[in-house]
>>> print(open('protein.txt').read())   # compact mmCIF, C-alpha atoms
# COMPACT_ATOMS: atom_id res chain seq x y z
CA PRO A 758 16.71 -0.75 5.06
CA LEU A 759 14.63 -2.72 7.55
CA ARG A 760 11.49 -3.93 5.75
CA ASN A 761 9.90 -6.21 8.35
CA CYS A 762 10.19 -6.52 12.10
CA GLY A 763 8.30 -8.72 14.54
CA GLU A 764 6.08 -7.26 17.24
CA ARG A 765 7.77 -5.97 20.42
CA ALA A 766 11.22 -6.60 18.95
CA PHE A 767 12.93 -4.15 21.35
CA GLU A 768 10.45 -4.29 24.22
CA ASN A 769 11.96 -3.59 27.67
CA CYS A 770 15.31 -2.40 26.26
CA THR A 771 15.46 0.16 29.02
CA SER A 772 19.03 1.31 28.24
CA LEU A 773 18.19 2.09 24.62
CA THR A 774 18.08 5.90 24.38
CA GLU A 775 18.41 6.61 20.64
CA ILE A 776 17.34 5.15 17.32
CA LYS A 777 18.40 6.20 13.85
CA ASN A 778 16.02 5.44 11.02
CA GLY A 779 15.42 6.42 7.39
CA LEU A 780 12.64 6.84 4.85
CA TYR A 781 12.28 3.12 4.12
CA THR A 782 12.48 1.74 7.64
CA ASN A 783 9.39 -0.17 8.77
CA PHE A 784 8.39 -0.27 12.44
CA SER A 785 6.14 -2.82 14.16
CA VAL A 786 3.44 -3.05 16.81
CA GLY A 787 4.91 -2.50 20.28
CA MET A 788 8.42 -2.36 18.81
CA PHE A 789 9.93 -0.10 21.50
CA THR A 790 7.43 -0.60 24.34
CA ASN A 791 8.99 0.26 27.71
CA SER A 792 12.33 1.20 26.20
CA GLY A 793 14.64 4.00 27.40
CA LEU A 794 14.25 6.30 24.38
CA THR A 795 14.49 10.02 25.14
CA LYS A 796 14.03 11.58 21.69
CA VAL A 797 12.68 10.26 18.40
CA GLU A 798 13.02 11.72 14.91
CA TYR A 799 10.66 9.61 12.86
CA TYR A 800 11.00 9.02 9.12
CA ALA A 801 8.86 5.90 8.52
CA ASP A 802 5.45 6.21 6.86
CA ARG A 803 3.32 5.06 9.84
CA ILE A 804 3.59 4.70 13.62
CA PRO A 805 2.11 1.32 14.60
CA ASP A 806 -0.09 0.62 17.63
CA ASN A 807 1.78 0.68 20.96
CA CYS A 808 5.04 1.40 19.15
CA PHE A 809 6.46 3.67 21.88
CA LYS A 810 4.06 2.81 24.68
CA ASN A 811 5.35 3.24 28.21
CA CYS A 812 8.62 4.89 27.14
CA LYS A 813 8.92 6.72 30.45
CA ASP A 814 11.93 8.87 29.43
CA LEU A 815 10.70 9.94 26.00
CA GLU A 816 10.50 13.76 25.88
CA THR A 817 10.27 14.86 22.24
CA VAL A 818 9.01 13.39 18.99
CA VAL A 819 9.53 14.99 15.59
CA ILE A 820 7.70 13.45 12.64
CA LYS A 821 9.84 14.31 9.64
CA ARG A 822 7.58 13.32 6.74
CA SER A 823 3.94 12.69 5.93
CA ILE A 824 2.67 9.45 7.43
CA VAL A 825 -0.43 7.33 7.00
CA TYR A 826 -1.34 7.21 10.69
CA ILE A 827 -0.37 7.37 14.34
CA GLY A 828 -1.63 4.09 15.75
CA ARG A 829 -3.71 3.37 18.83
CA SER A 830 -1.81 3.90 22.09
CA ALA A 831 1.35 4.65 20.09
CA PHE A 832 2.64 6.95 22.86
CA ASP A 833 0.38 5.78 25.68
CA ASP A 834 1.81 6.40 29.15
CA CYS A 835 4.87 8.32 27.95
CA ASN A 836 4.58 10.55 30.98
CA LYS A 837 7.65 12.72 30.25
CA LEU A 838 6.58 13.45 26.69
CA GLU A 839 6.32 17.22 26.21
CA SER A 840 6.39 17.81 22.47
CA VAL A 841 5.04 16.07 19.37
CA THR A 842 5.70 17.97 16.17
CA PHE A 843 4.87 17.37 12.55
CA ASP A 844 7.64 19.07 10.59
CA SER A 845 6.57 21.80 8.21
CA GLY A 846 4.75 20.20 5.30
CA ALA A 847 4.32 16.83 7.05
CA GLY A 848 0.86 15.37 7.50
CA SER A 849 -1.05 12.35 8.75
CA GLU A 850 -4.31 10.87 7.49
CA PHE A 851 -5.34 9.38 10.86
CA ILE A 852 -4.55 9.89 14.55
CA TYR A 853 -6.11 6.95 16.33
CA GLN A 854 -7.65 6.51 19.77
CA ASN A 855 -5.45 6.88 22.85
CA ALA A 856 -2.43 7.83 20.74
CA PHE A 857 -1.30 10.18 23.54
CA ASN A 858 -3.25 8.79 26.48
CA SER A 859 -1.75 9.47 29.93
CA CYS A 860 0.94 11.78 28.55
CA ASP A 861 0.72 13.94 31.66
CA ASN A 862 3.37 16.48 30.66
CA LEU A 863 2.35 16.98 27.05
CA LYS A 864 2.42 20.69 26.22
CA THR A 865 2.91 20.81 22.47
CA ILE A 866 1.17 19.12 19.58
CA VAL A 867 1.61 20.63 16.16
CA LEU A 868 -1.34 19.48 14.09
CA PRO A 869 -0.61 17.91 10.71
CA ASP A 870 -0.44 20.36 7.81
CA SER A 871 -2.99 18.23 5.96
CA GLU A 872 -6.41 16.64 6.18
CA VAL A 873 -6.68 14.39 9.24
CA ILE A 874 -9.19 12.10 10.95
CA ILE A 875 -8.86 12.28 14.73
CA GLU A 876 -10.10 9.82 17.31
CA GLU A 877 -9.83 10.67 21.01
CA MET A 878 -6.22 11.78 21.22
CA ILE A 879 -6.07 12.59 24.90
CA GLU A 880 -8.33 11.07 27.54
CA LYS A 881 -6.64 11.82 30.83
CA GLU A 882 -8.87 14.21 32.77
CA ASP A 883 -6.08 15.87 34.77
CA LEU A 884 -4.01 16.77 31.71
CA GLY A 885 -2.45 20.18 32.17
CA GLU A 886 -1.63 22.76 29.55
CA LEU A 887 -1.77 21.85 25.89
CA LEU A 888 -0.10 24.12 23.37
CA VAL A 889 -0.23 23.63 19.65
CA ILE A 890 2.25 25.82 17.83
CA SER A 891 3.12 26.52 14.25
CA PRO A 892 6.38 25.06 12.92
CA ASP A 893 7.19 28.60 11.77
CA MET A 894 7.23 30.05 15.30
CA GLY A 895 10.60 31.65 15.96
CA ALA A 896 13.07 29.77 18.12
CA MET A 897 13.41 32.71 20.54
CA GLU A 898 9.65 32.95 21.05
CA ARG A 899 9.35 29.22 21.61
CA ASP A 900 12.30 29.11 24.04
CA ARG A 901 10.89 32.02 26.04
CA PHE A 902 7.53 30.33 26.35
CA TYR A 903 8.98 27.07 27.64
CA ALA A 904 11.47 28.78 29.97
CA GLU A 905 8.85 30.94 31.65
CA ILE A 906 6.47 28.05 32.14
CA LYS A 907 9.28 25.88 33.51
CA ASN A 908 10.48 28.57 35.93
CA ASN A 909 6.94 29.43 36.99
CA LYS A 910 7.56 33.17 37.08
CA GLY A 911 3.94 34.14 37.04
CA PHE A 912 3.85 34.28 33.25
CA THR A 913 0.35 33.47 32.06
CA PRO A 914 0.62 32.36 28.44
CA THR A 915 -2.08 32.11 25.84
CA ILE A 916 -2.62 28.38 25.48
CA LYS A 917 -3.71 27.98 21.90
CA VAL A 918 -4.36 25.60 19.07
CA VAL A 919 -2.85 26.70 15.79
CA PHE A 920 -4.30 25.33 12.58
CA ASN A 921 -1.66 25.38 9.86
CA LYS A 922 -2.22 26.40 6.25
CA ASN A 923 -3.58 23.03 5.12
CA THR A 924 -4.92 21.68 8.43
CA TYR A 925 -8.40 20.27 7.91
CA ILE A 926 -10.25 17.89 10.23
CA THR A 927 -12.15 15.52 7.97
CA GLU A 928 -13.59 13.53 10.87
CA ASN A 929 -13.54 14.03 14.64
CA LEU A 930 -14.39 10.73 16.33
CA GLY A 931 -14.03 11.97 19.89
CA SER A 932 -13.25 14.99 22.00
CA ILE A 933 -9.76 16.14 21.06
CA PHE A 934 -9.11 18.38 24.04
CA VAL A 935 -10.60 16.57 27.03
CA GLY A 936 -9.15 17.99 30.24
CA CYS A 937 -7.33 20.87 28.53
CA TYR A 938 -9.10 23.45 30.65
CA LYS A 939 -6.50 26.19 30.13
CA LEU A 940 -6.92 26.11 26.38
CA ASN A 941 -8.20 29.57 25.55
CA LYS A 942 -7.59 30.38 21.91
CA PHE A 943 -7.98 29.04 18.40
CA GLU A 944 -5.54 30.60 15.94
CA LEU A 945 -5.45 30.16 12.18
CA ASP A 946 -2.57 30.41 9.79
CA GLN A 947 -3.36 33.45 7.67
CA ASN A 948 -3.43 31.22 4.58
CA ASN A 949 -5.87 28.66 6.00
CA GLN A 950 -8.96 28.81 3.81
CA ASN A 951 -10.88 26.06 5.60
CA TYR A 952 -11.90 27.76 8.84
CA LYS A 953 -12.60 31.01 10.63
CA VAL A 954 -12.61 31.85 14.34
CA GLU A 955 -15.37 33.71 16.15
CA GLY A 956 -14.86 34.05 19.89
CA SER A 957 -14.67 30.57 21.41
CA LEU A 958 -15.72 28.78 18.23
CA LEU A 959 -13.88 27.33 15.27
CA LEU A 960 -16.25 27.67 12.32
CA SER A 961 -16.28 26.62 8.69
CA ASN A 962 -15.03 29.33 6.39
CA ASP A 963 -18.58 30.31 5.43
CA GLY A 964 -19.51 30.64 9.11
CA LYS A 965 -22.41 28.18 8.86
CA SER A 966 -20.91 25.16 10.66
CA ILE A 967 -19.47 24.86 14.18
CA ILE A 968 -16.36 22.67 14.04
CA LEU A 969 -15.02 22.94 17.62
CA ALA A 970 -15.75 24.86 20.80
CA LEU A 971 -13.04 25.87 23.27
CA PRO A 972 -13.43 23.69 26.36
CA ASN A 973 -12.78 26.33 29.03
CA ASN A 974 -15.25 28.98 27.89
CA GLU A 975 -18.16 29.74 30.24
CA TYR A 976 -21.05 28.66 28.05
CA ASN A 977 -23.66 28.37 30.82
CA GLU A 978 -27.03 29.16 29.15
CA TYR A 979 -25.85 29.07 25.57
CA VAL A 980 -27.81 29.98 22.44
CA ILE A 981 -26.60 28.73 19.07
CA ASP A 982 -26.39 31.65 16.66
CA GLU A 983 -29.10 31.87 13.99
CA ASN A 984 -26.48 31.87 11.22
CA ILE A 985 -25.43 28.31 12.13
CA LYS A 986 -26.81 25.53 9.93
CA GLU A 987 -24.71 22.59 11.14
CA ILE A 988 -22.93 21.43 14.32
CA LYS A 989 -20.12 19.00 13.56
CA GLN A 990 -18.99 15.81 15.30
CA SER A 991 -18.01 16.21 18.95
CA ALA A 992 -17.99 20.00 18.63
CA PHE A 993 -19.12 20.66 22.22
CA SER A 994 -18.42 17.25 23.75
CA ASN A 995 -17.19 17.08 27.35
CA ILE A 996 -17.87 20.77 28.08
CA ASP A 997 -18.80 21.01 31.75
CA SER A 998 -19.92 24.65 31.85
CA LEU A 999 -22.88 24.13 29.53
CA THR A 1000 -26.10 24.08 31.61
CA LYS A 1001 -28.82 25.19 29.20
CA LEU A 1002 -28.70 24.90 25.43
CA THR A 1003 -30.95 26.63 22.93
CA ILE A 1004 -30.55 25.44 19.36
CA SER A 1005 -31.89 27.96 16.92
CA LYS A 1006 -34.55 27.13 14.37
CA ASN A 1007 -32.04 27.47 11.53
CA VAL A 1008 -29.85 24.54 12.63
CA GLU A 1009 -30.55 21.71 10.21
CA ILE A 1010 -27.95 19.07 11.14
CA ILE A 1011 -26.38 17.99 14.44
CA HIS A 1012 -23.67 15.38 13.94
CA GLU A 1013 -22.66 12.40 16.06
CA GLY A 1014 -21.57 13.14 19.61
CA ALA A 1015 -21.88 16.90 19.16
CA PHE A 1016 -22.85 17.43 22.81
CA ALA A 1017 -21.82 14.07 24.27
CA ASN A 1018 -20.72 13.98 27.91
CA CYS A 1019 -21.92 17.52 28.73
CA LYS A 1020 -22.70 16.30 32.23
CA ASN A 1021 -24.10 19.55 33.63
CA LEU A 1022 -26.55 20.19 30.79
CA THR A 1023 -30.02 20.26 32.34
CA THR A 1024 -32.21 21.99 29.74
CA LEU A 1025 -32.40 21.65 25.98
CA VAL A 1026 -34.53 23.98 23.84
CA LEU A 1027 -35.08 23.08 20.19
CA GLU A 1028 -36.65 26.08 18.51
CA ASN A 1029 -39.31 25.52 15.87
CA LYS A 1030 -39.76 27.50 12.71
>>> encode(input="protein.txt", output="structure tokens")
Amino acid sequence: PLRNCGERAFENCTSLTEIKNGLYTNFSVGMFTNSGLTKVEYYADRIPDNCFKNCKDLETVVIKRSIVYIGRSAFDDCNKLESVTFDSGAGSEFIYQNAFNSCDNLKTIVLPDSEVIIEEMIEKEDLGELLVISPDMGAMERDRFYAEIKNNKGFTPTIKVVFNKNTYITENLGSIFVGCYKLNKFELDQNNQNYKVEGSLLLSNDGKSIILALPNNEYNEYVIDENIKEIKQSAFSNIDSLTKLTISKNVEIIHEGAFANCKNLTTLVLENK
């Protein structure tokens, strides 16, 4: 198997549409930048920075095994990319900044079935629908969803993020869902013991920490519930509808960037005991 490969080894191979790789293949920085790949089934243990950057015809990526990380800008500007899936049981420790930047057509990301640290995955403000589905979703259900969106028959789907059995965000270093304004539901695998969902919020299982807030909810003049003790990293970041925020007296910790880039927030009330 290929153990070492220089940077950008297959850069600008625009007629290259397919690669076959195995468990012990090693990839390199920028290895397939601006190539003609259309589909990738990935078996290596990491995806280096810029590895598939600017692959304009790349449509689907399936990550077949657990990997260490998806590197910075790994799929940057792959503007036909629609689906990135971690196979059932596959995980990733890190998803780095801009990994899917400018992927205008991205509709599906299946989150790793593992602990994961996430930097800003998607920055493009005009990104359309983002769907995160479970690997266990039936083929018929999945095909129907894609067909009705593609044919634009007036079908209004639930755009949701599904957290698999072992999905656990250990660190959120930026807003995961910037621009995903149609995202309207968090859904948990019934065996996920890490989180719970209440309305527009993803909470810790004990209900005392806010992990994430849905970006398209009308928060307006929002009051943090008195049961909340902690607001995690980037939980409400980039939410435009938030205009007034009241943080209850029981909140003890607000983490880094929790309300960063809430550009319409005009009033903050910090209640005292």
>>> residues_near_point(input="protein.txt", point="(-30.9, 15.7, 11.2)", cutoff="12 Å", atoms="all atoms listed in the file", output="list of chain:residue names")
A:Lys986, A:Glu987, A:Ile988, A:Lys989, A:Asn1007, A:Val1008, A:Glu1009, A:Ile1010, A:Ile1011, A:His1012, A:Glu1013
>>> residues_around(input="protein.txt", residues="A:Ala992", least_positions_apart="3", cutoff="8 Å", atoms="only C-alpha atoms", output="VMD selection string")
chain A and resid 932 967 to 970 988 to 989 1014 to 1016
>>> write_last_selection(input="protein.txt", atoms="C-alpha atoms", output="PDB file, keeping the file's coordinate frame")
ATOM      1  CA  SER A 932     -13.250  14.990  22.000  1.00  0.00           C
ATOM      2  CA  ILE A 967     -19.470  24.860  14.180  1.00  0.00           C
ATOM      3  CA  ILE A 968     -16.360  22.670  14.040  1.00  0.00           C
ATOM      4  CA  LEU A 969     -15.020  22.940  17.620  1.00  0.00           C
ATOM      5  CA  ALA A 970     -15.750  24.860  20.800  1.00  0.00           C
ATOM      6  CA  ILE A 988     -22.930  21.430  14.320  1.00  0.00           C
ATOM      7  CA  LYS A 989     -20.120  19.000  13.560  1.00  0.00           C
ATOM      8  CA  GLY A1014     -21.570  13.140  19.610  1.00  0.00           C
ATOM      9  CA  ALA A1015     -21.880  16.900  19.160  1.00  0.00           C
ATOM     10  CA  PHE A1016     -22.850  17.430  22.810  1.00  0.00           C
TER      11      PHE A1016
END
>>> atom_distance(input="protein.txt", atom1="atom CA of A:Ser792", atom2="atom CA of A:Asn761")
19.5 Å
>>> atom_distance(input="protein.txt", atom1="atom CA of A:Tyr925", atom2="atom CA of A:Tyr800")
22.5 Å
>>> atom_distance(input="protein.txt", atom1="atom CA of A:Leu780", atom2="atom CA of A:Ser830")
22.7 Å
>>> closest_residue(input="protein.txt", among="A:Asn962, A:Thr771, A:Asn811, A:Thr1023", to="A:Ser859", atoms="only C-alpha atoms")
A:Asn811
>>> residues_around(input="protein.txt", residues="A:Leu1027", least_positions_apart="5", cutoff="7 Å", atoms="all atoms listed in the file", output="VMD selection string")
chain A and resid 1003 to 1005
>>> residues_around(input="protein.txt", residues="A:Ile824", least_positions_apart="6", cutoff="8 Å", atoms="only C-alpha atoms", output="MDAnalysis selection string")
chainID A and resid 801:804 847:850
>>> write_last_selection(input="protein.txt", atoms="C-alpha atoms", output="PDB file, in the frame of the given file")
ATOM      1  CA  ALA A 801       8.860   5.900   8.520  1.00  0.00           C
ATOM      2  CA  ASP A 802       5.450   6.210   6.860  1.00  0.00           C
ATOM      3  CA  ARG A 803       3.320   5.060   9.840  1.00  0.00           C
ATOM      4  CA  ILE A 804       3.590   4.700  13.620  1.00  0.00           C
ATOM      5  CA  ALA A 847       4.320  16.830   7.050  1.00  0.00           C
ATOM      6  CA  GLY A 848       0.860  15.370   7.500  1.00  0.00           C
ATOM      7  CA  SER A 849      -1.050  12.350   8.750  1.00  0.00           C
ATOM      8  CA  GLU A 850      -4.310  10.870   7.490  1.00  0.00           C
TER       9      GLU A 850
END
>>> residues_near_point(input="protein.txt", point="(1.7, 6.3, 32.2)", cutoff="9 Å", atoms="all atoms listed in the file", output="list in words")
Lys810, Asn811, Cys812, Lys813, Asp833, Asp834, Cys835, Asn836, Lys837, Asn858, Ser859, Cys860 and Asp861 of chain A
